[in-house]
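See structure below.
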Amino acid sequence: MRGGGLWQLGQSITRRLAQGNKKAVAPRRFFASEADLKKTVLYDFHVVNGAKMVPFAGWSMPIQYKDSIMDSTVNCRENGSLFDVSHMCGLSLKGKDCVPFLEKLVIADVAGLAPGTGSLTVFTNEKGGAIDDSVITKVTDKHIYLVVNAGCRDKDLAHIEEHMKAFKARGGDVSWHIHDERSLLALQGPLAMPVLQHLTKEDLSKLYFGEFRILDINGSSCFLTRTGYTGEDGFEISVPSENAVDLAKAILEKSEGKVRLTGLGARDSLRLEAGLCLYGNDMEQHITPVEAGLTWAIGKRRRAEGGFLGAETILKQLEEGPRIRRVGIISSGPPARSHSEIKDSGGEKNLGEVTSGGFSPCLKKNIAMGYVKSGSHKSGTKLKIAIRGKAYDGVITKMPFVPTKYYKPS
């Protein structure tokens with residue numbers, strides 16, 4: 001759920017709606033008309049359920065429903081949330097060479113994944129910068145399923161296609177299918193498993209974080225991944241679009257009102273509390289996975305062998321250390337926002353800038369993440385954050401801000 005400039009619009013609207021200033025919402029300033037926006041198959045369902053729809057990455061998406069963003073965030077952690085994330089792009093790579101093909105583009109050890117398991121990874125460019133982040137799953141040795149960000153769809157698909165043509169010209173066996181016939185729902189929170197269990201015969205207690213299955217849910221064949229973007233236990237469900245509304249209704253009904261429809265506003269608060277990157281803010285083309293704190297996503301074999309775009313730069317950073325590092329920050333005063341300057345504790349020396357920030361509904365304090373120069377990145381380091389011409393106290397803090405609750409074997 002990561003965006004770019006349009007995410008900034010969503011963040012701005014989130015703040016204004018939270019303040020009750022609905023007159024400030026003016027999507028027509030950014031689009032010629034509502035008709036220019038794409039709509040998911042759940043659009044009418046959102047509107048009927050009181051969603052406030054906003055432009056996001058070329059789509060009309062719900063930023064919140066009847067609950068406040070604060071209440072929705074807390075409810076996800078206490079009970080559960082259902083998100084429509086159908087604007088994101090799911091695709092499959094198939095063929096006997098789909099694994100070595102993908103390994104040329106991402107930092108993950110795809111070959112080392114067991115069938116039915118997956119990982120967060122990063123598509124890199126020739127300089128080692130992040131083109132996008134993605135959750136990839138090895139369904140079988142000849143089938144990879146992945147989801148890329150809505151705001152990056154066009155550039156990601158062009159990038160993959162360009163390299164696929166060259167790979168196939170050299171005799172490689174790989175093809176792709178873009179799953180525009182499917183919708184994507186994210187069910188998150190402590191009630192995710194017990195609620196979804198009502199709708200499938202498969203024993204979900206045996207499906208752990210990062211694992212994938214193709215199974216029947218509510219009468220339709222779904223791709224189910226135990227993953228999410230909130231830090232909570234949960235699932236992303238790829239469902240045939242003609243069955244998406246019925247599945248959403250069934251999930252809400254089985255939860256007896258405890259799982260609520262939730263929009264992009266709370267989703268952003270949740271991912272920030274979980275210390276997760278938002279592409280276009282916390283990750284961009286000039287930021288490497290090492291600088292972004294995603295060293296753990298670079299497979300051990302990949303560190304030894306390289307073989308992906310930008311490997312020379314990334315492997316050098318692994319050996320020598322990066323020039324900047326992503327950090328978490330807790331601050332006083334008003335919440336820090338993207339591009340707020342980070343200074344040393346004396347307020348004189350520039351250390352970097354904030355990339356995401358806001359008020360944490362669960363912690364009841366300001367949290368942010370950003371990049372600072374290496375050497376100033378250690379937890380407990382005191383600093384100043386410049387907001388609207390004034391300097392406020394901050395301290396570098398370990399992430400996640402809110403402990404994650406991923407479902408893993410004990």
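Here's how to read the names in the structure tokens: chain A, B, ... by the order shown, residue numbers from 1 in each chain, ligand numbers from 1 in the order shown.
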List every residue of stretch 74-279 of chain A that DSSP, applied to the backbone of this structure, places in helix (DSSP H, G or I), and write the result as a ChimeraX atom specification. /A:74-78,98-103,150-169,192-197,204-206,241-254,264-273
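Summary of the local environment: counting only C-alpha atoms, residues at most 9 Å from A:Glu353, other than itself and those fewer than 5 positions away along its chain, are Ser338, His339, Ser340, Glu341, Ile342, Lys343, Met369, Gly370, Tyr371, Val372 and Ile385 of chain A.
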Output C-alpha atoms of each residue in that selection to a file, as a CSV table (one decimal), in the first residue's frame.
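Saved file result.csv follows:
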```csv
chain,number,residue,atom,x,y,z
A,338,SER,CA,7.6,13.9,5.3
A,339,HIS,CA,10.7,16.1,4.6
A,340,SER,CA,10.9,17.6,8.1
A,341,GLU,CA,14.6,18.2,8.7
A,342,ILE,CA,16.4,16.2,11.3
A,343,LYS,CA,19.2,18.0,13.2
A,369,MET,CA,10.8,7.3,10.5
A,370,GLY,CA,13.5,8.9,8.3
A,371,TYR,CA,17.1,8.7,7.2
A,372,VAL,CA,20.1,10.0,9.1
A,385,ILE,CA,13.2,17.9,14.3
```
For each of A:Leu261, A:Thr137, A:Val354, A:Gly116, take the minimum atom-to-atom distance to A:Lys52, counting only C-alpha atoms, then give the residue where this is smallest. A:Leu261
Using only C-alpha atoms, what does the table of stretch 50-168 of chain A residues within 9 Å of stretch 38-45 of chain A look like, with each row giving the shortest atom pair and its distance in Å to one decimal, sorted by chain and ascending number, as a Markdown table?
```
| residue | atom | partner | partner_atom | distance |
| --- | --- | --- | --- | --- |
| A:Gly50 | CA | A:Phe45 | CA | 8.9 |
| A:Ala51 | CA | A:Phe45 | CA | 8.8 |
| A:Met53 | CA | A:Tyr43 | CA | 8.8 |
| A:Gly58 | CA | A:Lys38 | CA | 6.3 |
| A:Trp59 | CA | A:Lys38 | CA | 4.5 |
| A:Ser60 | CA | A:Lys39 | CA | 5.6 |
| A:Met61 | CA | A:Lys39 | CA | 7.5 |
| A:Pro62 | CA | A:Tyr43 | CA | 8.5 |
| A:Asp84 | CA | A:Leu42 | CA | 7.5 |
| A:Val85 | CA | A:Thr40 | CA | 8.7 |
| A:Ser86 | CA | A:Thr40 | CA | 6.2 |
| A:His87 | CA | A:Thr40 | CA | 6.7 |
```
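Atom CA of A:Gly352 to atom CA of A:Lys378 spans 13.9 Å [interatomic distance, one decimal].
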Can you list, as a PDB file with C-alpha atoms, in the first residue's frame, every protein, DNA or RNA residue that comes within 10 Å of A:Gly219 when you count only C-alpha atoms, leaving out same-chain residues fewer than 3 positions away?
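And here is the file that came out, around_30.pdb:
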```pdb
ATOM      1  CA  LEU A 199     -15.283 -19.837   5.602  1.00  0.00           C
ATOM      2  CA  THR A 200     -12.835 -22.623   4.733  1.00  0.00           C
ATOM      3  CA  LEU A 215      -7.784 -23.129  -1.352  1.00  0.00           C
ATOM      4  CA  ASP A 216     -11.542 -22.757  -1.304  1.00  0.00           C
ATOM      5  CA  CYS A 222      -8.501 -18.153  -3.580  1.00  0.00           C
ATOM      6  CA  ASN A 243     -16.829 -13.289  -5.687  1.00  0.00           C
ATOM      7  CA  ASP A 246     -19.725 -11.803  -1.268  1.00  0.00           C
ATOM      8  CA  LEU A 247     -16.496 -12.719   0.492  1.00  0.00           C
TER       9      LEU A 247
END
```
Residues of stretch 208-373 of chain A in strand (DSSP E or B) according to DSSP, as a VMD selection string? chain A and resid 211 to 217 220 to 225 234 to 240 259 to 261 279 283 324 to 331 341 to 344 350 to 360 365 to 373
Counting only C-alpha atoms, which residues in stretch 208-303 of chain A sit no more than 8 Å from stretch 65-73 of chain A? For each one, give the nearest pair of atoms and the distance in Å, sorted by chain then residue number, as a Markdown table.
```
| residue | atom | partner | partner_atom | distance |
| --- | --- | --- | --- | --- |
| A:Arg260 | CA | A:Ser72 | CA | 7.8 |
| A:Leu261 | CA | A:Tyr65 | CA | 7.1 |
| A:Thr262 | CA | A:Ser72 | CA | 6.4 |
| A:Gly263 | CA | A:Tyr65 | CA | 6.7 |
| A:Gly265 | CA | A:Ile69 | CA | 6.0 |
| A:Ala266 | CA | A:Thr73 | CA | 5.0 |
| A:Arg267 | CA | A:Thr73 | CA | 7.3 |
| A:Ser269 | CA | A:Thr73 | CA | 6.8 |
| A:Leu270 | CA | A:Thr73 | CA | 6.3 |
```
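With only C-alpha atoms as the atoms that count, the minimum distance from A:Gly151 to the choices A:Ser379, A:Glu232, A:Leu278, A:Thr404 is reached by A:Leu278.
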Do a neighbour search on A:Ser134 at 7 Å with only C-alpha atoms, toss out local chain neighbours closer than 4 positions, and write the hits as a PyMOL selection string. chain A and resi 120-122+146-148
Grab the residues selected above and save them as a PDB file, in the first residue's frame with C-alpha atoms.
```pdb
ATOM      1  CA  LEU A 120       9.360  -9.523   1.271  1.00  0.00           C
ATOM      2  CA  THR A 121      11.860  -8.513  -1.390  1.00  0.00           C
ATOM      3  CA  VAL A 122      13.033  -5.478  -3.335  1.00  0.00           C
ATOM      4  CA  LEU A 146       3.932 -11.734  -6.447  1.00  0.00           C
ATOM      5  CA  VAL A 147       2.139  -8.494  -5.645  1.00  0.00           C
ATOM      6  CA  VAL A 148       3.503  -5.065  -6.609  1.00  0.00           C
TER       7      VAL A 148
END
```
Long-range neighbours of A:Gly375 as number ranges by chain, 12 Å cut-off, only C-alpha atoms, 4 positions minimum in chain: A: 321-327, 344, 351-352, 371, 379, 381
Compile the contact shell of A:Arg301 as a list of chain:residue names: residues with an atom at most 12 Å away, counting only C-alpha atoms, same-chain residues fewer than 6 positions apart removed. A:Glu103, A:Ile107, A:Ala108, A:Asp109, A:Val110, A:Ala111, A:Gly112, A:Leu113, A:Gly307, A:Phe308, A:Leu315
If you count only C-alpha atoms, the residue of A:Arg182, A:Lys104, A:Lys94, A:Arg77 closest to A:Val245 turns out to be A:Arg182
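Atom pair atom CA of A:Pro403 / atom CA of A:Asn366 has a distance of 16.3 Å (rounded to one decimal).
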